[in-house]
Amino acid sequence: MRFSEKLVCTILLVVVTFFALGGSALLYGDFQDRLSSLADQEQNRHDMLCYTLENEILTLHRQGEAVTESGLRDFCADLLDPAEGGPAQLAALYRTDGDAGQGAVYSCLPAAWEKTALPGSDQRMILRSGDSLWRVYCTDLLDDWTLVSAYDLSEAFDARSRSLQRFLLLEAAVVIGAAAAAAIFSRRLIRPLAVLNQASRRIAAGDYALRTDVRTDDEIGQLSQSFDRMAAAVQDKVAALELSVQQREDFMGAFTHELKTPMTGILGYADLLRSMRPDPAEQREAARAIYHEAHRLESLSGKLLQLLHLDEEELTLEPVSLDKAVNQAVKAARPALEQNGHARVEAISTGLWVQGDTDLLCDLVLNLITNAAKAGPGGTITVSAQQVGKAVLLRVRDHGCGIPADQLARVTEPFYMVDKSRARKQGGSGLGLALCSRIAQAHGGTLTIDSAPGKGTAVTVTLQAVPAPEEGGAL
Amino acid sequence: MKRRKLKRGWMLALCAAAIVPLAAIPLGWFALTDAAMVGQTRDQKTPYTSIVPTGDDYYLLRQLNTRVELAARGATRSLYEEGDEMAGMYLSGASYIEDMTVADSSMQQYLQDVLDSLSYGRVLPSEWLATIRAEIGYWGSQIYYSTDTLGFVRLAAFGGENQEICLLDLEVESLTGKVVSLWASTEETHPIDVGNTLLAWVELNELDGLGDWAVPVGTDYEQSGLYSQNGQALMTCATGMDDSIWTQLGRSERHYFSLQLGPRDLEVSQ
């Protein structure tokens with residue numbers, strides 16, 4: 001059963017129930033008012049009958065004539081002559097004293113109405129005779145006479161039946177109208193749901209860019225907006241996953257390539273030494289090339305191990321003197337500085353302490369200095385630090401060739417090299433900045449790169465500042 | 001798919017089936033209220049209040065009132081007046097044997113019928129009726145009667161050597177045939193139920209319509225009377241020793257039975 005059909009059925013059931021109950025109450029109220037109004041008229045007519053009979057009895061008494069049953073019977077017969085016209089009326093006169101207590105002196109009541117079933121004095125009740133209903137009144141009169149009169153209620157019941165018929169016709173019209181209106185409105189109301197349904201199917205089929213764009217100020221509008229946000233999130237997640245897969249494929253490709261390149265050189269020179277008889281100079285050249293490529297492989301494997309190590313293990317951080325870490329790194333970078341045109345490092349002492357791992361911080365600064373040296377041979381490399389709030393900004397600046405803006409975002413990817421030939425010639429593996437970035441993340445910080453081609457590069461690492469410990473308390 | 005369509009069809013049919021009885025609520029409503037209405041007894045909103053009759057509404061009492069009024073005026077003359085106008089003529093009936101007329105057979109039969117009606121109406125106990133008839137027979141009394149101009153007929157029988165004993169003195173209103181007084185003197189007596197006798201007499205005289213006949217508590221008639229405030233009328237019934245008769249042998253040892261109806265204004269205790 002469709003939702004719109006459920007909605008229509010529910011609306012119809014509610015409408016019919018309340019319409020029927022309300023109509024019943026209304027008709028019942030009107031009918032009761034009519035009965036009450038008739039009761040007043042009937043009471044007046046009954047009272048008039050009582051008065052007339054009592055007056056007749058007293059008249060007979062005044063005249064000294066006997067009040068006989070036959071006399072009153074004739075009087076009643078004349079009084080209640082149906083030929084007189086007027087509203088239908090029945091009556092009976094009983095003598096309630098002595099042995100004649102149960103017999104009717106005069107009666108035109110239906111035989112089915114036994115005296116015992118009639119109301120008591122000053123009471124009234126409704127009795128059925130055939131298809132009609134009568135309201136019966138009873139009153140004790142003078143001299144132990146009892147008058148019972150009955151008045152036809154058929155007119156009131158007929159009027160009610162006519163009202164009821166009209167109401168049922170109206171109710172049928174209302175039900176049909178309500179069904180049509182409910183069908184139209186329910187379709188309009190649930191149209192956004194159909195759009196949502198269609199959109200969810202298309203998104204499931206891969207159309208992640210699809211949006212419902214339902215703009216209503218109700219719950220369905222809110223649901224649609226939530227759905228659009230969810231679709232956007234799914235799209236982003238899918239894009240991120242695709243990027244991750246791409247990066248993984250790129251990593252594997254680069255890793256394979258970076259392994260294959262030195263291996264090719266090593267195999268070539270080894271084959272040269274094995275299969276030919278080079279002169280000593282060529283042998284030294286081959287051996288030097290094999291050594292160089294093997295060294296690159298060792299460096300590559302070392303940095304890969306370090307990256308894996310960082311991914312797998314939780315670091316234990318402690319207060320570290322930044323000056324000390326930088327000085328150690330500068331010392332370790334001397335061979336690289338000498339290989340790259342005797343670049344000069346200007347390390348500014350700050351006396352700052354950070355929360356970190358000394359060896360990793362040394363590696364971080366060493367890699368950054370090495371990269372800076374490779375970027376601008378013979379230039380000045382500035383290593384500085386400053387505290388901003390609770391953070392320490394460690395910055396390594398060079399004045400080298402710089403990095404193009406469109407490649408800045410990728411330089412921290414493993415094996416990514418801006419200029420591959422130059423990097424390989426300089427013994428680079430494309431893992432330096434990736435490692436630095438991971439070390440910064442491991443310290444709860446970030447690594448940002450500002451660079452302009454031909455003007456140099458500034459790499460800033462954010463670290464967590466800590467106060468200097470007491471003397472001899474830490475490294 | 002087919003199963004879903006079938007289920008959907010069933011659900012729609014169920015909905016339609018639910019709507020029909022709901023739409024028919026008014027029919028059920030009125031069927032129930034009608035069933036509850038029929039045969040249910042209720043008090044009338046403004047019950048009829050019966051006419052409260054007075055003595056003037058009863059011919060018998062009106063005649064008695066008139067007679068008392070005339071007696072109070074001393075108007076037992078041939079003519080009586082109301083103000084300056086000549087209102088009518090009233091002649092009282094004779095109460096002494098010398099002035100009364102000997103009843104013929106029809107009058108005697110009339111007396112017997114009246115006595116029978118009293119007995120039949122449980123006003124005059126049958127023992128008393130038998131005793132009265134026996135006394136009249138014993139003395140071989142003749143029946144005398146007299147009438148007044150208001151229509152009261154006095155019937156009397158006398159006994160004793162010199163007709164000095166009034167055996168029966170009965171007064172009847174001639175138009176209605178209702179007895180307004182009865183005096184019987186007998187040698188025998190019989191117990192009577194005063195209360196029931198008086199109620200029977202009220203009914204026989206068709207005065208029960210006054211509706212307020214009650215024992216006049218706090219009056220001399222508490223043991224022997226019924227009083228109607230509406231009708232301003234008193235009915236009494238009594239038996240006892242008749243010590244008013246003197247014969248040649250001295251005070252007679254006789255008993256009496258008496259019924260009296262007359263207008264009276266009594267101060268009755270509530």
# chains A, B, ... in the order shown; residues from 1 in each chain; ligands from 1
call {"tool": "residues_around", "arguments": {"residues": "Arg288 (chain A)", "least_positions_apart": "5", "cutoff": "12 Å", "atoms": "only C-alpha atoms", "output": "PyMOL selection string"}}
result
chain A and resi 265-266+269-270+280-283+293-295
call {"tool": "interface_residues", "arguments": {"of": "chain B", "to": "chain A", "cutoff": "6 Å", "atoms": "only C-alpha atoms", "output": "number ranges by chain"}}
result
B: 8, 22-23, 25-26, 38-44, 47-48, 57-59, 176, 208-209
call {"tool": "select_by_dssp", "arguments": {"residues": "region 15-263 of chain B", "states": "alpha helix (DSSP H)", "output": "count of residues only"}}
result
78
call {"tool": "residues_around", "arguments": {"residues": "Ala233 (chain B)", "least_positions_apart": "2", "cutoff": "8 Å", "atoms": "only C-alpha atoms", "output": "MDAnalysis selection string"}}
result
chainID B and resid 55 61 227:229 231 235 261:265
call {"tool": "residues_around", "arguments": {"residues": "region 98-115 of chain B", "least_positions_apart": "4", "cutoff": "7 Å", "atoms": "only C-alpha atoms", "output": "list in words"}}
result
Ala94, Ser119, Ile143, Tyr144, Tyr145 and Ser146 of chain B
call {"tool": "residues_around", "arguments": {"residues": "Glu222 (chain B)", "least_positions_apart": "6", "cutoff": "12 Å", "atoms": "only C-alpha atoms", "output": "PyMOL selection string"}}
result
chain B and resi 194-195+214-216+234-238+266-269
call {"tool": "write_last_selection", "arguments": {"atoms": "C-alpha atoms", "output": "JSON list (two decimals), in the first residue's frame"}}
result
[["chain", "number", "residue", "atom", "x", "y", "z"],
["B", 194, "VAL", "CA", -66.41, 4.40, 63.29],
["B", 195, "GLY", "CA", -63.51, 5.18, 60.96],
["B", 214, "ALA", "CA", -59.45, 13.60, 58.15],
["B", 215, "VAL", "CA", -59.96, 13.00, 61.83],
["B", 216, "PRO", "CA", -60.49, 16.40, 63.47],
["B", 234, "LEU", "CA", -68.23, 17.48, 59.43],
["B", 235, "MET", "CA", -69.44, 13.90, 59.40],
["B", 236, "THR", "CA", -70.03, 12.07, 62.65],
["B", 237, "CYS", "CA", -70.91, 8.53, 63.52],
["B", 238, "ALA", "CA", -71.68, 7.39, 67.06],
["B", 266, "LEU", "CA", -63.68, 23.59, 63.08],
["B", 267, "GLU", "CA", -60.33, 24.62, 64.49],
["B", 268, "VAL", "CA", -58.44, 21.41, 63.83],
["B", 269, "SER", "CA", -55.02, 20.80, 65.35]]
call {"tool": "closest_residue", "arguments": {"among": "A:Gly71, A:Pro453, A:Gly356, A:Gly445", "to": "Val418 (chain A)", "atoms": "only C-alpha atoms"}}
result
A:Pro453
call {"tool": "residues_around", "arguments": {"residues": "Ser95 (chain B)", "least_positions_apart": "4", "cutoff": "12 Å", "atoms": "only C-alpha atoms", "output": "list of chain:residue names"}}
result
B:Asp99, B:Met100, B:Thr101, B:Tyr144, B:Tyr145, B:Ser146, B:Thr147, B:Asp148, B:Phe152, B:Val153, B:Arg154, B:Leu155, B:Ala156, B:Ala157, B:Phe158, B:Cys166, B:Leu168, B:Asp169, B:Leu170, B:Glu171
call {"tool": "write_last_selection", "arguments": {"atoms": "C-alpha atoms", "output": "JSON list (two decimals), in the first residue's frame"}}
result
[["chain", "number", "residue", "atom", "x", "y", "z"],
["B", 99, "ASP", "CA", -97.23, 17.46, 61.70],
["B", 100, "MET", "CA", -95.87, 14.64, 59.60],
["B", 101, "THR", "CA", -97.60, 12.71, 56.89],
["B", 144, "TYR", "CA", -94.11, 9.19, 58.64],
["B", 145, "TYR", "CA", -92.45, 11.75, 56.46],
["B", 146, "SER", "CA", -92.13, 15.44, 55.90],
["B", 147, "THR", "CA", -90.34, 17.62, 53.34],
["B", 148, "ASP", "CA", -88.96, 21.12, 53.27],
["B", 152, "PHE", "CA", -84.79, 17.45, 52.27],
["B", 153, "VAL", "CA", -87.13, 14.56, 53.14],
["B", 154, "ARG", "CA", -87.44, 13.44, 56.73],
["B", 155, "LEU", "CA", -88.57, 9.86, 57.29],
["B", 156, "ALA", "CA", -89.41, 8.73, 60.79],
["B", 157, "ALA", "CA", -90.85, 5.83, 62.73],
["B", 158, "PHE", "CA", -92.01, 5.91, 66.34],
["B", 166, "CYS", "CA", -88.32, 7.78, 68.04],
["B", 168, "LEU", "CA", -85.84, 5.98, 63.32],
["B", 169, "ASP", "CA", -85.25, 9.48, 62.09],
["B", 170, "LEU", "CA", -83.69, 9.63, 58.62],
["B", 171, "GLU", "CA", -83.10, 12.70, 56.51]]
call {"tool": "residues_around", "arguments": {"residues": "region 217-225 of chain A", "least_positions_apart": "5", "cutoff": "9 Å", "atoms": "only C-alpha atoms", "output": "PyMOL selection string"}}
result
chain A and resi 189-190+192-193+196+211-212+230
call {"tool": "atom_distance", "arguments": {"atom1": "CA of Glu314 (chain A)", "atom2": "CA of Leu408 (chain A)"}}
result
28.4 Å
call {"tool": "select_by_dssp", "arguments": {"residues": "region 36-267 of chain B", "states": "strand (DSSP E or B)", "output": "short mmCIF file (atom, residue, chain, number, x, y, z; two decimals) with C-alpha atoms, in the first residue's frame"}}
result
data_model
loop_
_atom_site.label_atom_id
_atom_site.label_comp_id
_atom_site.auth_asym_id
_atom_site.auth_seq_id
_atom_site.Cartn_x
_atom_site.Cartn_y
_atom_site.Cartn_z
CA VAL B 38 -38.94 3.47 25.04
CA THR B 41 -40.55 6.31 33.10
CA ARG B 42 -39.90 9.96 33.83
CA ASP B 43 -41.54 12.55 36.01
CA LEU B 79 -90.50 34.12 52.68
CA TYR B 80 -86.93 35.05 53.16
CA GLU B 81 -85.02 37.92 51.77
CA GLU B 82 -81.53 38.73 50.70
CA GLU B 85 -84.67 41.63 47.33
CA MET B 86 -87.12 38.83 47.74
CA ALA B 87 -84.78 35.86 47.34
CA GLY B 88 -87.05 32.93 47.72
CA MET B 89 -89.35 30.98 49.90
CA THR B 101 -97.60 12.71 56.89
CA VAL B 102 -98.15 8.99 57.02
CA ILE B 143 -93.63 5.43 58.71
CA TYR B 144 -94.11 9.19 58.64
CA TYR B 145 -92.45 11.75 56.46
CA SER B 146 -92.13 15.44 55.90
CA THR B 147 -90.34 17.62 53.34
CA PHE B 152 -84.79 17.45 52.27
CA VAL B 153 -87.13 14.56 53.14
CA ARG B 154 -87.44 13.44 56.73
CA LEU B 155 -88.57 9.86 57.29
CA ALA B 156 -89.41 8.73 60.79
CA ALA B 157 -90.85 5.83 62.73
CA PHE B 158 -92.01 5.91 66.34
CA GLY B 159 -92.63 3.26 68.92
CA ILE B 165 -89.87 6.57 71.27
CA CYS B 166 -88.32 7.78 68.04
CA LEU B 167 -87.17 4.52 66.53
CA LEU B 168 -85.84 5.98 63.32
CA ASP B 169 -85.25 9.48 62.09
CA LEU B 170 -83.69 9.63 58.62
CA GLU B 171 -83.10 12.70 56.51
CA VAL B 172 -82.44 12.38 52.81
CA GLU B 173 -81.66 14.99 50.18
CA LYS B 178 -77.99 11.00 49.82
CA VAL B 179 -78.58 10.56 53.51
CA VAL B 180 -77.56 13.55 55.57
CA SER B 181 -78.59 12.24 58.99
CA LEU B 182 -79.73 9.05 60.62
CA TRP B 183 -80.94 8.37 64.12
CA ALA B 184 -81.96 4.91 65.22
CA SER B 185 -82.93 3.81 68.69
CA THR B 186 -82.93 0.12 69.57
CA ALA B 214 -59.45 13.60 58.15
CA GLY B 225 -65.90 12.39 63.21
CA LEU B 226 -64.26 13.15 59.88
CA TYR B 227 -63.73 16.73 58.87
CA SER B 228 -63.09 18.34 55.49
CA ALA B 233 -68.14 19.91 56.54
CA LEU B 234 -68.23 17.48 59.43
CA MET B 235 -69.44 13.90 59.40
CA THR B 236 -70.03 12.07 62.65
CA CYS B 237 -70.91 8.53 63.52
CA ALA B 238 -71.68 7.39 67.06
CA THR B 239 -73.41 4.76 69.14
CA GLY B 240 -74.30 4.86 72.81
CA MET B 241 -76.95 4.78 75.47
CA ASP B 242 -80.12 6.62 74.55
CA TRP B 246 -88.79 8.39 79.46
CA THR B 247 -91.62 5.93 79.48
CA GLY B 250 -89.11 5.39 83.82
CA ARG B 251 -85.92 5.96 81.81
CA ARG B 254 -82.09 1.85 74.88
CA HIS B 255 -79.17 2.34 72.51
CA TYR B 256 -78.77 4.64 69.62
CA PHE B 257 -76.92 4.70 66.28
CA SER B 258 -76.31 8.13 64.81
CA LEU B 259 -74.98 9.55 61.56
CA GLN B 260 -74.76 13.30 61.00
CA LEU B 261 -73.49 15.41 58.10
CA GLY B 262 -73.45 19.15 58.28
CA PRO B 263 -71.50 22.28 57.56
#
call {"tool": "atom_distance", "arguments": {"atom1": "CA of Phe251 (chain A)", "atom2": "CA of Glu313 (chain A)"}}
result
21.4 Å
call {"tool": "atom_distance", "arguments": {"atom1": "CA of Asp34 (chain B)", "atom2": "CA of Ala173 (chain A)"}}
result
26.9 Å
call {"tool": "decode", "arguments": {"residues": "region 53-198 of chain B", "atoms": "C-alpha atoms", "output": "JSON list (two decimals), in the first residue's frame"}}
result
[["chain", "number", "residue", "atom", "x", "y", "z"],
["B", 53, "PRO", "CA", -63.08, 21.73, 45.40],
["B", 54, "THR", "CA", -65.02, 23.51, 48.09],
["B", 55, "GLY", "CA", -68.29, 22.72, 49.73],
["B", 56, "ASP", "CA", -70.12, 24.87, 47.21],
["B", 57, "ASP", "CA", -68.96, 22.50, 44.47],
["B", 58, "TYR", "CA", -71.12, 19.76, 45.98],
["B", 59, "TYR", "CA", -74.85, 20.11, 45.71],
["B", 60, "LEU", "CA", -75.44, 18.22, 48.93],
["B", 61, "LEU", "CA", -73.19, 20.46, 51.00],
["B", 62, "ARG", "CA", -74.46, 23.57, 49.29],
["B", 63, "GLN", "CA", -78.02, 22.64, 50.25],
["B", 64, "LEU", "CA", -76.99, 21.92, 53.80],
["B", 65, "ASN", "CA", -75.12, 25.23, 53.95],
["B", 66, "THR", "CA", -78.17, 27.02, 52.70],
["B", 67, "ARG", "CA", -80.33, 25.39, 55.27],
["B", 68, "VAL", "CA", -77.94, 26.33, 58.07],
["B", 69, "GLU", "CA", -77.71, 29.83, 56.75],
["B", 70, "LEU", "CA", -81.44, 30.16, 56.73],
["B", 71, "ALA", "CA", -81.67, 28.71, 60.20],
["B", 72, "ALA", "CA", -79.09, 31.20, 61.40],
["B", 73, "ARG", "CA", -81.17, 34.02, 59.98],
["B", 74, "GLY", "CA", -84.24, 32.61, 61.63],
["B", 75, "ALA", "CA", -85.58, 32.47, 58.14],
["B", 76, "THR", "CA", -87.82, 29.52, 58.53],
["B", 77, "ARG", "CA", -90.59, 31.82, 57.57],
["B", 78, "SER", "CA", -92.49, 31.46, 54.41],
["B", 79, "LEU", "CA", -90.50, 34.12, 52.68],
["B", 80, "TYR", "CA", -86.93, 35.05, 53.16],
["B", 81, "GLU", "CA", -85.02, 37.92, 51.77],
["B", 82, "GLU", "CA", -81.53, 38.73, 50.70],
["B", 83, "GLY", "CA", -81.01, 42.40, 51.30],
["B", 84, "ASP", "CA", -83.89, 44.27, 49.85],
["B", 85, "GLU", "CA", -84.67, 41.63, 47.33],
["B", 86, "MET", "CA", -87.12, 38.83, 47.74],
["B", 87, "ALA", "CA", -84.78, 35.86, 47.34],
["B", 88, "GLY", "CA", -87.05, 32.93, 47.72],
["B", 89, "MET", "CA", -89.35, 30.98, 49.90],
["B", 90, "TYR", "CA", -88.37, 28.36, 52.43],
["B", 91, "LEU", "CA", -90.64, 26.07, 54.39],
["B", 92, "SER", "CA", -88.98, 23.77, 56.88],
["B", 93, "GLY", "CA", -90.15, 20.21, 57.21],
["B", 94, "ALA", "CA", -92.09, 18.98, 60.23],
["B", 95, "SER", "CA", -90.21, 16.98, 62.82],
["B", 96, "TYR", "CA", -93.05, 16.04, 65.14],
["B", 97, "ILE", "CA", -95.33, 13.18, 64.44],
["B", 98, "GLU", "CA", -98.38, 15.35, 64.65],
["B", 99, "ASP", "CA", -97.23, 17.46, 61.70],
["B", 100, "MET", "CA", -95.87, 14.64, 59.60],
["B", 101, "THR", "CA", -97.60, 12.71, 56.89],
["B", 102, "VAL", "CA", -98.15, 8.99, 57.02],
["B", 103, "ALA", "CA", -96.09, 7.37, 54.36],
["B", 104, "ASP", "CA", -97.78, 5.48, 51.64],
["B", 105, "SER", "CA", -96.39, 2.26, 50.25],
["B", 106, "SER", "CA", -94.11, 3.97, 47.77],
["B", 107, "MET", "CA", -92.62, 6.11, 50.51],
["B", 108, "GLN", "CA", -92.20, 3.10, 52.70],
["B", 109, "GLN", "CA", -90.39, 1.37, 49.86],
["B", 110, "TYR", "CA", -88.27, 4.48, 49.41],
["B", 111, "LEU", "CA", -87.22, 4.20, 53.07],
["B", 112, "GLN", "CA", -86.36, 0.54, 52.63],
["B", 113, "ASP", "CA", -84.27, 1.36, 49.55],
["B", 114, "VAL", "CA", -82.40, 4.09, 51.39],
["B", 115, "LEU", "CA", -81.68, 1.79, 54.31],
["B", 116, "ASP", "CA", -80.58, -0.95, 51.93],
["B", 117, "SER", "CA", -78.26, 1.45, 50.14],
["B", 118, "LEU", "CA", -76.72, 2.48, 53.44],
["B", 119, "SER", "CA", -76.20, -1.13, 54.36],
["B", 120, "TYR", "CA", -74.88, -2.01, 50.92],
["B", 121, "GLY", "CA", -72.49, 0.92, 51.12],
["B", 122, "ARG", "CA", -71.13, -0.44, 54.43],
["B", 123, "VAL", "CA", -72.40, 2.66, 56.22],
["B", 124, "LEU", "CA", -75.11, 1.00, 58.23],
["B", 125, "PRO", "CA", -73.96, -2.33, 59.62],
["B", 126, "SER", "CA", -76.31, -5.14, 58.70],
["B", 127, "GLU", "CA", -76.77, -6.03, 62.40],
["B", 128, "TRP", "CA", -78.01, -2.56, 63.09],
["B", 129, "LEU", "CA", -80.29, -2.63, 60.02],
["B", 130, "ALA", "CA", -81.80, -5.90, 61.15],
["B", 131, "THR", "CA", -82.32, -4.59, 64.67],
["B", 132, "ILE", "CA", -83.93, -1.39, 63.40],
["B", 133, "ARG", "CA", -86.30, -3.31, 61.18],
["B", 134, "ALA", "CA", -87.06, -5.68, 64.04],
["B", 135, "GLU", "CA", -87.88, -2.77, 66.37],
["B", 136, "ILE", "CA", -90.17, -1.17, 63.78],
["B", 137, "GLY", "CA", -91.85, -4.49, 63.23],
["B", 138, "TYR", "CA", -92.11, -5.11, 66.96],
["B", 139, "TRP", "CA", -93.91, -1.88, 67.53],
["B", 140, "GLY", "CA", -95.87, -2.08, 64.30],
["B", 141, "SER", "CA", -94.81, 1.44, 63.66],
["B", 142, "GLN", "CA", -96.04, 3.46, 60.81],
["B", 143, "ILE", "CA", -93.63, 5.43, 58.71],
["B", 144, "TYR", "CA", -94.11, 9.19, 58.64],
["B", 145, "TYR", "CA", -92.45, 11.75, 56.46],
["B", 146, "SER", "CA", -92.13, 15.44, 55.90],
["B", 147, "THR", "CA", -90.34, 17.62, 53.34],
["B", 148, "ASP", "CA", -88.96, 21.12, 53.27],
["B", 149, "THR", "CA", -88.71, 23.45, 50.35],
["B", 150, "LEU", "CA", -84.94, 22.80, 49.92],
["B", 151, "GLY", "CA", -85.69, 19.18, 49.03],
["B", 152, "PHE", "CA", -84.79, 17.45, 52.27],
["B", 153, "VAL", "CA", -87.13, 14.56, 53.14],
["B", 154, "ARG", "CA", -87.44, 13.44, 56.73],
["B", 155, "LEU", "CA", -88.57, 9.86, 57.29],
["B", 156, "ALA", "CA", -89.41, 8.73, 60.79],
["B", 157, "ALA", "CA", -90.85, 5.83, 62.73],
["B", 158, "PHE", "CA", -92.01, 5.91, 66.34],
["B", 159, "GLY", "CA", -92.63, 3.26, 68.92],
["B", 160, "GLY", "CA", -93.81, 2.95, 72.50],
["B", 161, "GLU", "CA", -97.25, 3.00, 73.95],
["B", 162, "ASN", "CA", -97.66, 6.64, 73.11],
["B", 163, "GLN", "CA", -95.33, 6.85, 70.19],
["B", 164, "GLU", "CA", -92.87, 8.48, 72.56],
["B", 165, "ILE", "CA", -89.87, 6.57, 71.27],
["B", 166, "CYS", "CA", -88.32, 7.78, 68.04],
["B", 167, "LEU", "CA", -87.17, 4.52, 66.53],
["B", 168, "LEU", "CA", -85.84, 5.98, 63.32],
["B", 169, "ASP", "CA", -85.25, 9.48, 62.09],
["B", 170, "LEU", "CA", -83.69, 9.63, 58.62],
["B", 171, "GLU", "CA", -83.10, 12.70, 56.51],
["B", 172, "VAL", "CA", -82.44, 12.38, 52.81],
["B", 173, "GLU", "CA", -81.66, 14.99, 50.18],
["B", 174, "SER", "CA", -84.28, 14.16, 47.62],
["B", 175, "LEU", "CA", -82.43, 15.13, 44.42],
["B", 176, "THR", "CA", -79.29, 13.13, 45.12],
["B", 177, "GLY", "CA", -80.86, 10.53, 47.36],
["B", 178, "LYS", "CA", -77.99, 11.00, 49.82],
["B", 179, "VAL", "CA", -78.58, 10.56, 53.51],
["B", 180, "VAL", "CA", -77.56, 13.55, 55.57],
["B", 181, "SER", "CA", -78.59, 12.24, 58.99],
["B", 182, "LEU", "CA", -79.73, 9.05, 60.62],
["B", 183, "TRP", "CA", -80.94, 8.37, 64.12],
["B", 184, "ALA", "CA", -81.96, 4.91, 65.22],
["B", 185, "SER", "CA", -82.93, 3.81, 68.69],
["B", 186, "THR", "CA", -82.93, 0.12, 69.57],
["B", 187, "GLU", "CA", -82.87, -2.10, 72.59],
["B", 188, "GLU", "CA", -79.91, -3.99, 71.24],
["B", 189, "THR", "CA", -76.56, -2.56, 70.37],
["B", 190, "HIS", "CA", -73.77, -3.69, 68.11],
["B", 191, "PRO", "CA", -70.16, -2.65, 67.84],
["B", 192, "ILE", "CA", -69.20, -0.46, 64.92],
["B", 193, "ASP", "CA", -65.97, 0.63, 63.23],
["B", 194, "VAL", "CA", -66.41, 4.40, 63.29],
["B", 195, "GLY", "CA", -63.51, 5.18, 60.96],
["B", 196, "ASN", "CA", -64.45, 2.80, 58.18],
["B", 197, "THR", "CA", -68.15, 3.65, 58.54],
["B", 198, "LEU", "CA", -67.42, 7.32, 58.03]]
